[in-house]
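Undergrad: Next up is a structure, given as structure tokens.
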Amino acid sequence: MSYKIVFTDLDDTLLNDKREVSLIDKLAIIEAQKQGIIFVLASGRPTFAMYDLAKELELDKYGGYLLSFNGSIITECKTGKNIFEATLTSNDLHILYEYSKKFNTHIITYHQDDIISETQSKYIDVEVELTRMNHKIVDSFKKEVNYPAVKCMLLEEPQYLKQVEKQLKDIFNDKYTIAISKPFFLEVTKKGIDKGIALQKLASILNINIEDTIAIGDSFNDLPMLKNAGMSIAVENAKDEIKNMCKFITKSNNDSGMAHMINTLILKK
């Protein structure tokens, strides 16, 4: 099989537990790009929070892309232009805010370089640290958020959040795409928007057959991407449900699983 494009999740997949790309992975990605492979960083993270990593991996030089906000935005690294964008309306965000209050969870959304919330929590602090965005705490979420946004997140203790996920899906399954990424992050995007749909859109734009695509991930928000790719790959540290549906298991995120996959399936070393 001659693969042409790789879609990779970031946290707990490409990034190790120090939230860094290992030198081995970095060199393998650059070598694969030199061989003509397109690399795409596919994450729930905001676009802003992915630029530095894209630059480090030289995606701007070799024609890579970003799928940010779980596929709500597709960005061309070479030009910095968004070639696709899908948003929730302010009314959507207000509805989800009311349900966050009902379920007693925190809720955040994003505007420009800010994370917006009414509250503080250790879970929001994780997102602030991951994205390196400014955390803007407001008196009224609904008064502040009078604009569309690509994503919002409900945040709470993992076991409880799984219950919230089920209830929200029962209510809004036809209206929003709802998925847990990290155990304490419940992500909500426009219906029909996820990493899998974004994979298909970008492959179509680039005239690449789905059979020639690779996706690699570890968690539930990666499932659509893994299901839609020609080759589905899980890191060894992935959730069991993810590993069980993938065609190939690579090494863990702490053991340069990306390089192992590249060397085995692409460079044939």
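Chain labels A, B, ... are given in the sequence in which chains occur in the structure tokens; within each chain residues are numbered consecutively from 1, and ligands are likewise numbered from 1 in the order shown.
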Need the shell around Asn91 (chain A): protein/DNA/RNA residues with any atom at most 10 Å away, counting only C-alpha atoms. Skip same-chain ones fewer than 3 positions apart. Format as a ChimeraX atom specification?
TA: /A:88,94-97,142,145-148
Undergrad: I want to know what sits within 12 Å of His106 (chain A), based on only C-alpha atoms, with residues of the same chain fewer than 6 positions away left out; could you give that as a ChimeraX atom specification?
TA: /A:96-100,116-125,137,141,152-157,161,164,184-187
Undergrad: Kindly save the residues from that selection, with C-alpha atoms included, as a PDB file, in the first residue's frame.
TA:
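Result written to part-v3.pdb:
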ATOM      1  CA  LEU A  96     -25.491  24.216  26.034  1.00  0.00           C
ATOM      2  CA  TYR A  97     -24.720  26.664  28.832  1.00  0.00           C
ATOM      3  CA  GLU A  98     -28.176  26.069  30.324  1.00  0.00           C
ATOM      4  CA  TYR A  99     -27.605  22.331  30.243  1.00  0.00           C
ATOM      5  CA  SER A 100     -24.192  22.743  31.856  1.00  0.00           C
ATOM      6  CA  ILE A 116     -14.193  31.974  27.998  1.00  0.00           C
ATOM      7  CA  SER A 117     -15.907  30.745  31.166  1.00  0.00           C
ATOM      8  CA  GLU A 118     -17.788  31.929  34.237  1.00  0.00           C
ATOM      9  CA  THR A 119     -15.913  29.583  36.525  1.00  0.00           C
ATOM     10  CA  GLN A 120     -12.507  28.274  37.437  1.00  0.00           C
ATOM     11  CA  SER A 121     -11.627  24.618  37.960  1.00  0.00           C
ATOM     12  CA  LYS A 122      -8.662  22.282  37.841  1.00  0.00           C
ATOM     13  CA  TYR A 123     -10.057  20.859  34.596  1.00  0.00           C
ATOM     14  CA  ILE A 124     -10.201  24.259  32.918  1.00  0.00           C
ATOM     15  CA  ASP A 125      -6.648  24.834  34.147  1.00  0.00           C
ATOM     16  CA  ILE A 137     -13.474  34.711  33.354  1.00  0.00           C
ATOM     17  CA  PHE A 141     -21.373  33.530  29.875  1.00  0.00           C
ATOM     18  CA  CYS A 152     -17.554  24.335  23.514  1.00  0.00           C
ATOM     19  CA  MET A 153     -16.596  21.915  26.273  1.00  0.00           C
ATOM     20  CA  LEU A 154     -18.303  20.714  29.424  1.00  0.00           C
ATOM     21  CA  LEU A 155     -15.820  19.744  32.118  1.00  0.00           C
ATOM     22  CA  GLU A 156     -16.183  17.668  35.264  1.00  0.00           C
ATOM     23  CA  GLU A 157     -15.025  14.547  37.091  1.00  0.00           C
ATOM     24  CA  LEU A 161     -19.028  13.335  32.860  1.00  0.00           C
ATOM     25  CA  VAL A 164     -23.600  13.704  31.272  1.00  0.00           C
ATOM     26  CA  PHE A 184     -12.764  15.278  31.931  1.00  0.00           C
ATOM     27  CA  PHE A 185     -13.389  17.033  28.573  1.00  0.00           C
ATOM     28  CA  LEU A 186     -16.785  16.602  26.879  1.00  0.00           C
ATOM     29  CA  GLU A 187     -16.526  18.328  23.504  1.00  0.00           C
TER      30      GLU A 187
END
Undergrad: Looking at only C-alpha atoms, which of A:Val235, A:Arg45, A:Ile266, A:Thr189 is the one that sits closest to Thr213 (chain A)?
TA: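 Among the listed residues, the smallest separation from Thr213 (chain A) belongs to A:Ile266.
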Undergrad: What separation in Å, quoted to one decimal, exists between CA of Leu15 (chain A) and CA of Glu211 (chain A)?
TA: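 Those two atoms sit 25.7 Å apart.
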Undergrad: Per DSSP on the backbone, what are the alpha helix (DSSP H) residues of region 8-185 of chain A, as a PyMOL selection string?
TA: chain A and resi 23-34+51-56+59-62+90-103+122-131+141-144+158-172
Undergrad: One number please: CA of Glu144 (chain A) to CA of Thr109 (chain A), in Å, one decimal.
TA: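 One can read the CA of Glu144 (chain A) to CA of Thr109 (chain A) distance as 10.7 Å.
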Undergrad: Using only C-alpha atoms, determine which residues lie at most 10 Å from Val128 (chain A), disregarding the query and same-chain residues fewer than 5 positions distant; provide the list as an MDAnalysis selection string.
TA: chainID A and resid 49 114:115 122:123 133:135
Undergrad: Those selected residues, please, written with N, CA and C atoms and delivered as a JSON list (two decimals), in the first residue's frame.
TA:
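Just written: again.json:
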[["chain", "number", "residue", "atom", "x", "y", "z"],
["A", 49, "ALA", "N", -3.39, 27.00, 19.33],
["A", 49, "ALA", "CA", -2.56, 26.16, 20.20],
["A", 49, "ALA", "C", -1.82, 25.07, 19.44],
["A", 114, "ASP", "N", -8.76, 33.66, 23.39],
["A", 114, "ASP", "CA", -9.25, 33.52, 24.77],
["A", 114, "ASP", "C", -10.08, 32.26, 24.96],
["A", 115, "ILE", "N", -9.95, 31.66, 26.13],
["A", 115, "ILE", "CA", -10.88, 30.67, 26.63],
["A", 115, "ILE", "C", -11.87, 31.41, 27.53],
["A", 122, "LYS", "N", -9.91, 22.94, 38.19],
["A", 122, "LYS", "CA", -8.66, 22.28, 37.84],
["A", 122, "LYS", "C", -8.72, 21.71, 36.43],
["A", 123, "TYR", "N", -9.93, 21.40, 35.94],
["A", 123, "TYR", "CA", -10.06, 20.86, 34.60],
["A", 123, "TYR", "C", -9.89, 21.96, 33.55],
["A", 133, "MET", "N", -3.54, 29.47, 26.05],
["A", 133, "MET", "CA", -4.43, 30.59, 25.75],
["A", 133, "MET", "C", -4.76, 31.34, 27.04],
["A", 134, "ASN", "N", -5.19, 32.56, 26.87],
["A", 134, "ASN", "CA", -5.63, 33.36, 28.01],
["A", 134, "ASN", "C", -6.99, 32.87, 28.49],
["A", 135, "HIS", "N", -7.15, 32.77, 29.82],
["A", 135, "HIS", "CA", -8.44, 32.36, 30.40],
["A", 135, "HIS", "C", -9.18, 33.61, 30.84]]
Undergrad: Choose the residue, out of A:Leu168, A:Lys18, A:Thr75, A:Asp25, that has the smallest atom-to-atom separation from Asn263 (chain A); count only C-alpha atoms.
TA: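 With only C-alpha atoms as the atom set, the closest residue is A:Asp25.
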Undergrad: Might you pull out every residue within 9 Å of Gly36 (chain A), with only C-alpha atoms counted and same-chain residues fewer than 6 positions away left off, and present them as a PyMOL selection string?
TA: chain A and resi 4-5+62
Undergrad: Residues as selected, N, CA and C atoms, written as a PDB file, in the first residue's frame, can you do that?
TA:
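For reference, out-v8.pdb as written:
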ATOM      1  N   LYS A   4      -0.388   8.221   1.352  1.00  0.00           N
ATOM      2  CA  LYS A   4      -0.069   9.573   0.911  1.00  0.00           C
ATOM      3  C   LYS A   4      -0.242  10.628   1.996  1.00  0.00           C
ATOM      4  N   ILE A   5      -1.030  10.330   3.021  1.00  0.00           N
ATOM      5  CA  ILE A   5      -1.336  11.345   4.026  1.00  0.00           C
ATOM      6  C   ILE A   5      -1.557  10.689   5.382  1.00  0.00           C
ATOM      7  N   TYR A  62       6.483  21.689   4.143  1.00  0.00           N
ATOM      8  CA  TYR A  62       6.163  20.521   3.322  1.00  0.00           C
ATOM      9  C   TYR A  62       4.685  20.412   2.937  1.00  0.00           C
TER      10      TYR A  62
END
Undergrad: To one decimal in Å, tell me the separation between CA of Gln159 (chain A) and CA of Pro183 (chain A).
TA: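 Separation of CA of Gln159 (chain A) and CA of Pro183 (chain A): 8.1 Å.
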Undergrad: Output as a PyMOL selection string all residues of region 70-169 of chain A that backbone DSSP marks as strand (DSSP E).
TA: chain A and resi 73-76+82-85+106-111+114-117+134-137+152-155
Undergrad: Please provide as a short mmCIF file (atom, residue, chain, number, x, y, z; two decimals) with N, CA and C atoms, in the first residue's frame all residues within 8 Å of Asn237 (chain A), with the sequence filter that same-chain residues fewer than 6 positions apart are discarded (counting only C-alpha atoms).
TA:
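New file result_14.cif:
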data_model
loop_
_atom_site.label_atom_id
_atom_site.label_comp_id
_atom_site.auth_asym_id
_atom_site.auth_seq_id
_atom_site.Cartn_x
_atom_site.Cartn_y
_atom_site.Cartn_z
N ASP A 12 -1.50 12.46 24.03
CA ASP A 12 -1.46 11.03 24.33
C ASP A 12 -1.30 10.16 23.08
N ASP A 218 -5.87 7.78 20.03
CA ASP A 218 -5.91 7.05 21.30
C ASP A 218 -7.25 7.09 22.00
N LYS A 251 3.69 1.45 18.98
CA LYS A 251 4.19 1.63 20.34
C LYS A 251 3.49 2.81 21.01
N SER A 252 3.73 2.98 22.30
CA SER A 252 3.01 4.01 23.06
C SER A 252 3.51 5.41 22.71
N ASN A 253 2.78 6.40 23.17
CA ASN A 253 3.18 7.80 22.96
C ASN A 253 4.49 8.12 23.67
#
